[in-house]
>>> print(open('query32.pdb').read())   # PDB, C-alpha atoms, pLDDT in the B column
ATOM      1  CA  MET A   1     107.333  98.035  85.831  1.00 91.00           C
ATOM      2  CA  LYS A   2     108.262  94.368  86.101  1.00 93.00           C
ATOM      3  CA  ILE A   3     108.111  92.700  89.508  1.00 94.00           C
ATOM      4  CA  ASN A   4     109.536  89.257  90.242  1.00 92.00           C
ATOM      5  CA  THR A   5     107.467  87.142  92.598  1.00 95.00           C
ATOM      6  CA  THR A   6     107.936  83.639  93.928  1.00 95.00           C
ATOM      7  CA  ARG A   7     104.268  82.703  93.606  1.00 93.00           C
ATOM      8  CA  PHE A   8     103.302  84.393  90.318  1.00 93.00           C
ATOM      9  CA  GLY A   9     106.560  84.710  88.386  1.00 94.00           C
ATOM     10  CA  THR A  10     107.289  88.037  86.730  1.00 95.00           C
ATOM     11  CA  ILE A  11     104.360  90.462  86.725  1.00 94.00           C
ATOM     12  CA  SER A  12     103.980  93.809  84.993  1.00 94.00           C
ATOM     13  CA  ILE A  13     102.289  96.508  87.022  1.00 94.00           C
ATOM     14  CA  LYS A  14     101.899 100.228  86.619  1.00 94.00           C
ATOM     15  CA  GLU A  15     104.237 102.082  88.949  1.00 94.00           C
ATOM     16  CA  GLU A  16     101.400 104.330  90.144  1.00 93.00           C
ATOM     17  CA  LYS A  17      99.549 101.207  91.410  1.00 94.00           C
ATOM     18  CA  ILE A  18     102.237 100.467  93.997  1.00 97.00           C
ATOM     19  CA  ILE A  19     100.797 100.834  97.484  1.00 98.00           C
ATOM     20  CA  LYS A  20     103.180 102.375  99.991  1.00 98.00           C
ATOM     21  CA  MET A  21     102.975 101.336 103.637  1.00 97.00           C
ATOM     22  CA  PRO A  22     105.037 103.729 105.780  1.00 96.00           C
ATOM     23  CA  PHE A  23     104.883 101.332 108.754  1.00 95.00           C
ATOM     24  CA  GLY A  24     104.922  98.037 106.849  1.00 96.00           C
ATOM     25  CA  MET A  25     102.792  95.052 107.845  1.00 97.00           C
ATOM     26  CA  LEU A  26     102.749  93.668 111.383  1.00 94.00           C
ATOM     27  CA  GLY A  27     105.784  91.444 111.708  1.00 95.00           C
ATOM     28  CA  PHE A  28     107.214  92.774 108.438  1.00 96.00           C
ATOM     29  CA  PRO A  29     108.107  96.422 109.152  1.00 95.00           C
ATOM     30  CA  GLU A  30     110.735  96.558 106.395  1.00 96.00           C
ATOM     31  CA  GLN A  31     108.252  95.586 103.660  1.00 96.00           C
ATOM     32  CA  LYS A  32     106.853  98.942 102.603  1.00 97.00           C
ATOM     33  CA  LYS A  33     105.661  98.453  99.008  1.00 97.00           C
ATOM     34  CA  PHE A  34     102.845  96.168  97.872  1.00 98.00           C
ATOM     35  CA  PHE A  35     100.354  95.668  95.105  1.00 97.00           C
ATOM     36  CA  ILE A  36      97.018  93.885  94.955  1.00 97.00           C
ATOM     37  CA  LEU A  37      96.280  91.020  92.577  1.00 95.00           C
ATOM     38  CA  GLN A  38      92.897  89.365  92.129  1.00 90.00           C
ATOM     39  CA  HIS A  39      93.097  85.690  93.105  1.00 84.00           C
ATOM     40  CA  GLN A  40      90.659  84.541  90.399  1.00 87.00           C
ATOM     41  CA  GLU A  41      87.912  86.243  88.461  1.00 89.00           C
ATOM     42  CA  ASN A  42      84.817  86.678  90.658  1.00 90.00           C
ATOM     43  CA  SER A  43      86.746  85.563  93.749  1.00 92.00           C
ATOM     44  CA  PRO A  44      86.379  87.556  96.980  1.00 94.00           C
ATOM     45  CA  PHE A  45      90.068  86.931  97.700  1.00 96.00           C
ATOM     46  CA  PHE A  46      93.074  88.941  96.588  1.00 97.00           C
ATOM     47  CA  TRP A  47      96.829  88.688  96.976  1.00 97.00           C
ATOM     48  CA  TYR A  48      98.686  91.498  98.726  1.00 98.00           C
ATOM     49  CA  GLN A  49     102.092  90.972  97.166  1.00 97.00           C
ATOM     50  CA  SER A  50     105.236  92.573  98.533  1.00 97.00           C
ATOM     51  CA  ILE A  51     107.476  94.313  96.024  1.00 96.00           C
ATOM     52  CA  ASP A  52     110.376  94.312  98.494  1.00 91.00           C
ATOM     53  CA  ASP A  53     110.265  90.536  99.095  1.00 96.00           C
ATOM     54  CA  PRO A  54     109.294  88.309  96.130  1.00 95.00           C
ATOM     55  CA  GLY A  55     108.293  85.491  98.501  1.00 96.00           C
ATOM     56  CA  LEU A  56     105.938  87.518 100.686  1.00 97.00           C
ATOM     57  CA  ALA A  57     102.264  87.646  99.729  1.00 97.00           C
ATOM     58  CA  PHE A  58      99.198  87.764 101.960  1.00 97.00           C
ATOM     59  CA  VAL A  59      95.705  86.574 101.081  1.00 97.00           C
ATOM     60  CA  ILE A  60      93.276  89.419 101.803  1.00 98.00           C
ATOM     61  CA  THR A  61      89.536  89.903 101.527  1.00 98.00           C
ATOM     62  CA  ASN A  62      86.746  92.316 102.364  1.00 97.00           C
ATOM     63  CA  PRO A  63      85.728  91.772 106.019  1.00 97.00           C
ATOM     64  CA  PHE A  64      82.127  92.821 105.365  1.00 97.00           C
ATOM     65  CA  LEU A  65      81.559  89.720 103.226  1.00 96.00           C
ATOM     66  CA  PHE A  66      81.913  87.611 106.363  1.00 95.00           C
ATOM     67  CA  ILE A  67      80.771  90.010 109.104  1.00 95.00           C
ATOM     68  CA  PRO A  68      78.420  92.619 107.585  1.00 96.00           C
ATOM     69  CA  GLU A  69      78.144  94.448 110.924  1.00 95.00           C
ATOM     70  CA  TYR A  70      81.951  94.755 111.319  1.00 95.00           C
ATOM     71  CA  LYS A  71      82.769  98.279 112.496  1.00 91.00           C
ATOM     72  CA  ILE A  72      85.949 100.121 113.294  1.00 91.00           C
ATOM     73  CA  ASP A  73      86.672 103.736 114.107  1.00 89.00           C
ATOM     74  CA  LEU A  74      88.927 105.142 111.391  1.00 89.00           C
ATOM     75  CA  GLU A  75      89.218 108.708 112.706  1.00 89.00           C
ATOM     76  CA  ALA A  76      92.621 108.295 114.400  1.00 88.00           C
ATOM     77  CA  THR A  77      94.026 106.377 111.438  1.00 90.00           C
ATOM     78  CA  LEU A  78      92.834 108.991 108.949  1.00 90.00           C
ATOM     79  CA  LYS A  79      94.501 111.670 111.046  1.00 91.00           C
ATOM     80  CA  GLN A  80      97.729 109.666 111.522  1.00 89.00           C
ATOM     81  CA  MET A  81      98.019 109.108 107.760  1.00 90.00           C
ATOM     82  CA  SER A  82      96.951 112.697 106.933  1.00 91.00           C
ATOM     83  CA  TRP A  83      93.999 111.328 104.991  1.00 89.00           C
ATOM     84  CA  ASN A  84      91.517 113.672 106.656  1.00 70.00           C
ATOM     85  CA  GLY A  85      88.481 114.178 104.503  1.00 61.00           C
ATOM     86  CA  ASP A  86      89.018 110.969 102.529  1.00 50.00           C
ATOM     87  CA  GLY A  87      86.900 108.767 104.779  1.00 54.00           C
ATOM     88  CA  ASN A  88      83.632 109.181 102.905  1.00 58.00           C
ATOM     89  CA  ASN A  89      84.893 109.742  99.384  1.00 64.00           C
ATOM     90  CA  GLY A  90      85.016 106.116  98.244  1.00 73.00           C
ATOM     91  CA  TYR A  91      88.819 105.997  98.188  1.00 90.00           C
ATOM     92  CA  LEU A  92      89.214 103.734 101.195  1.00 94.00           C
ATOM     93  CA  ASP A  93      89.127  99.960 101.044  1.00 95.00           C
ATOM     94  CA  LEU A  94      89.294  97.791 104.129  1.00 97.00           C
ATOM     95  CA  PHE A  95      90.772  94.297 103.982  1.00 98.00           C
ATOM     96  CA  ILE A  96      91.568  91.562 106.445  1.00 98.00           C
ATOM     97  CA  VAL A  97      94.482  89.165 106.156  1.00 98.00           C
ATOM     98  CA  VAL A  98      93.289  85.585 105.693  1.00 98.00           C
ATOM     99  CA  ASN A  99      94.975  82.458 107.046  1.00 97.00           C
ATOM    100  CA  ILE A 100      94.196  79.276 105.117  1.00 94.00           C
ATOM    101  CA  PRO A 101      95.458  76.097 106.806  1.00 93.00           C
ATOM    102  CA  ARG A 102      97.110  73.798 104.258  1.00 94.00           C
ATOM    103  CA  GLY A 103      94.547  71.376 102.871  1.00 94.00           C
ATOM    104  CA  MET A 104      91.743  72.768 105.062  1.00 93.00           C
ATOM    105  CA  PRO A 105      90.202  75.808 103.344  1.00 90.00           C
ATOM    106  CA  HIS A 106      86.995  75.282 105.335  1.00 91.00           C
ATOM    107  CA  LYS A 107      88.988  76.273 108.453  1.00 94.00           C
ATOM    108  CA  MET A 108      90.241  79.605 107.101  1.00 96.00           C
ATOM    109  CA  THR A 109      90.354  82.499 109.511  1.00 97.00           C
ATOM    110  CA  GLY A 110      90.634  86.255 109.193  1.00 97.00           C
ATOM    111  CA  ASN A 111      92.585  88.792 111.213  1.00 98.00           C
ATOM    112  CA  PHE A 112      89.758  91.119 112.231  1.00 97.00           C
ATOM    113  CA  ILE A 113      91.899  92.955 114.810  1.00 97.00           C
ATOM    114  CA  GLY A 114      94.600  93.887 112.285  1.00 97.00           C
ATOM    115  CA  PRO A 115      92.739  95.115 109.181  1.00 98.00           C
ATOM    116  CA  VAL A 116      94.559  96.802 106.322  1.00 98.00           C
ATOM    117  CA  LEU A 117      93.171 100.150 105.191  1.00 97.00           C
ATOM    118  CA  VAL A 118      94.087 101.128 101.617  1.00 96.00           C
ATOM    119  CA  ASN A 119      93.656 104.634 100.246  1.00 95.00           C
ATOM    120  CA  SER A 120      93.356 104.172  96.476  1.00 93.00           C
ATOM    121  CA  LYS A 121      93.476 107.921  95.884  1.00 92.00           C
ATOM    122  CA  VAL A 122      97.074 108.261  97.118  1.00 94.00           C
ATOM    123  CA  TYR A 123      98.050 104.553  97.010  1.00 96.00           C
ATOM    124  CA  GLU A 124      99.002 104.329 100.646  1.00 97.00           C
ATOM    125  CA  ALA A 125      97.988 101.768 103.238  1.00 97.00           C
ATOM    126  CA  VAL A 126      98.267 101.089 106.921  1.00 97.00           C
ATOM    127  CA  GLN A 127      97.587  98.031 109.030  1.00 97.00           C
ATOM    128  CA  ILE A 128      95.469  99.050 111.990  1.00 96.00           C
ATOM    129  CA  VAL A 129      95.733  97.372 115.389  1.00 94.00           C
ATOM    130  CA  LEU A 130      92.360  97.278 117.124  1.00 94.00           C
ATOM    131  CA  SER A 131      92.008  96.967 120.864  1.00 89.00           C
ATOM    132  CA  ASN A 132      88.798  96.165 122.706  1.00 87.00           C
ATOM    133  CA  SER A 133      87.443  94.237 119.738  1.00 89.00           C
ATOM    134  CA  PRO A 134      84.992  91.337 120.025  1.00 91.00           C
ATOM    135  CA  TYR A 135      86.949  89.641 117.239  1.00 92.00           C
ATOM    136  CA  THR A 136      90.363  87.967 117.127  1.00 93.00           C
ATOM    137  CA  HIS A 137      93.312  87.625 114.793  1.00 94.00           C
ATOM    138  CA  ARG A 138      92.070  84.126 113.885  1.00 94.00           C
ATOM    139  CA  PHE A 139      88.313  84.643 113.578  1.00 95.00           C
ATOM    140  CA  PRO A 140      86.670  81.746 111.644  1.00 94.00           C
ATOM    141  CA  LEU A 141      85.332  82.911 108.281  1.00 94.00           C
ATOM    142  CA  PHE A 142      82.913  80.027 107.906  1.00 88.00           C
ATOM    143  CA  LYS A 143      80.376  78.940 110.467  1.00 78.00           C
ATOM    144  CA  LYS A 144      80.654  75.430 111.781  1.00 67.00           C
ATOM    145  CA  ASN A 145      77.927  73.140 110.515  1.00 50.00           C
TER     146      ASN A 145
END
>>> encode(input="query32.pdb", output="structure tokens")
Amino acid sequence: MKINTTRFGTISIKEEKIIKMPFGMLGFPEQKKFFILQHQENSPFFWYQSIDDPGLAFVITNPFLFIPEYKIDLEATLKQMSWNGDGNNGYLDLFIVVNIPRGMPHKMTGNFIGPVLVNSKVYEAVQIVLSNSPYTHRFPLFKKN
């Protein structure tokens, strides 16, 4: 399948690799289909590209690379998405959306209260909203020196 994107031009992806988001992303409820692209080889960052909107792509990364002790309770989400039993089978990937201020990559932040949970077994995802978290939606990824 060929997908037109603003940032990457035309990309070919396998249709079965399209990730469906029944609820969309926060602020973008109509965008329900995405795919993940590696930013660069050996980079911890990926692009979460919308199929519905060629100009919409989020930078995402693994939250545990920046906060190894990061914990969230997935039980309600697994139940809501009918993914019961998939929690410990290696099919779930957790990402955070990254904000990189123009020209200031050292000030990048991550949304640790709105992580994206991707089930690579069924190619579905959901953005979780965490309450009572010690983190924020703009948590600095790099410590100040």
>>> closest_atom_pairs(input="query32.pdb", of="range 45-104 of chain A", to="range 114-135 of chain A", cutoff="7 Å", atoms="all atoms listed in the file", output="tab-separated table")
residue	atom	partner	partner_atom	distance
A:Tyr91	CA	A:Ser120	CA	5.2
A:Leu92	CA	A:Asn119	CA	4.6
A:Asp93	CA	A:Val118	CA	5.1
A:Leu94	CA	A:Leu117	CA	4.7
A:Phe95	CA	A:Val116	CA	5.1
A:Ile96	CA	A:Pro115	CA	4.6
A:Val97	CA	A:Pro115	CA	6.9
>>> resolve_selection(input="query32.pdb", expression="the PyMOL selection byres ((chain A and resi 64) around 12)", output="list of chain:residue names")
A:Pro44, A:Thr61, A:Asn62, A:Pro63, A:Leu65, A:Phe66, A:Ile67, A:Pro68, A:Glu69, A:Tyr70, A:Lys71, A:Ile72, A:Asp93, A:Leu94, A:Phe95, A:Ile96, A:Gly110, A:Phe112, A:Pro115, A:Leu141
>>> residues_near_point(input="query32.pdb", point="(83.3, 79.9, 114.6)", cutoff="12 Å", atoms="only C-alpha atoms", output="count of residues only")
17
>>> closest_residue(input="query32.pdb", among="A:Ile113, A:Gln80, A:Val98, A:Ala57", to="Phe45 in chain A", atoms="all atoms listed in the file")
A:Val98
>>> residues_near_point(input="query32.pdb", point="(101.8, 89.8, 98.4)", cutoff="12 Å", atoms="all atoms listed in the file", output="number ranges by chain")
A: 3-8, 11, 18-19, 25, 28, 31-39, 46-60, 97-98
>>> decode(input="query32.pdb", residues="range 33-56 of chain A", atoms="C-alpha atoms", output="short mmCIF file (atom, residue, chain, number, x, y, z; two decimals), in the first residue's frame")
data_model
loop_
_atom_site.label_atom_id
_atom_site.label_comp_id
_atom_site.auth_asym_id
_atom_site.auth_seq_id
_atom_site.Cartn_x
_atom_site.Cartn_y
_atom_site.Cartn_z
CA LYS A 33 -4.88 4.88 11.35
CA PHE A 34 -1.13 5.16 11.86
CA PHE A 35 2.10 3.38 11.16
CA ILE A 36 5.50 3.48 12.83
CA LEU A 37 8.69 4.46 11.02
CA GLN A 38 12.18 4.31 12.50
CA HIS A 39 13.70 7.80 12.62
CA GLN A 40 17.24 6.60 11.84
CA GLU A 41 19.03 3.31 12.24
CA ASN A 42 19.97 2.75 15.91
CA SER A 43 17.90 5.77 16.98
CA PRO A 44 15.59 5.45 20.01
CA PHE A 45 13.07 7.68 18.23
CA PHE A 46 10.33 6.71 15.81
CA TRP A 47 7.70 8.52 13.79
CA TYR A 48 4.04 7.73 14.41
CA GLN A 49 2.66 8.76 11.04
CA SER A 50 -1.03 9.27 10.42
CA ILE A 51 -2.47 7.60 7.34
CA ASP A 52 -5.57 9.81 7.49
CA ASP A 53 -3.61 13.09 7.50
CA PRO A 54 -0.37 13.21 5.47
CA GLY A 55 0.89 16.17 7.53
CA LEU A 56 0.41 14.60 10.96
#
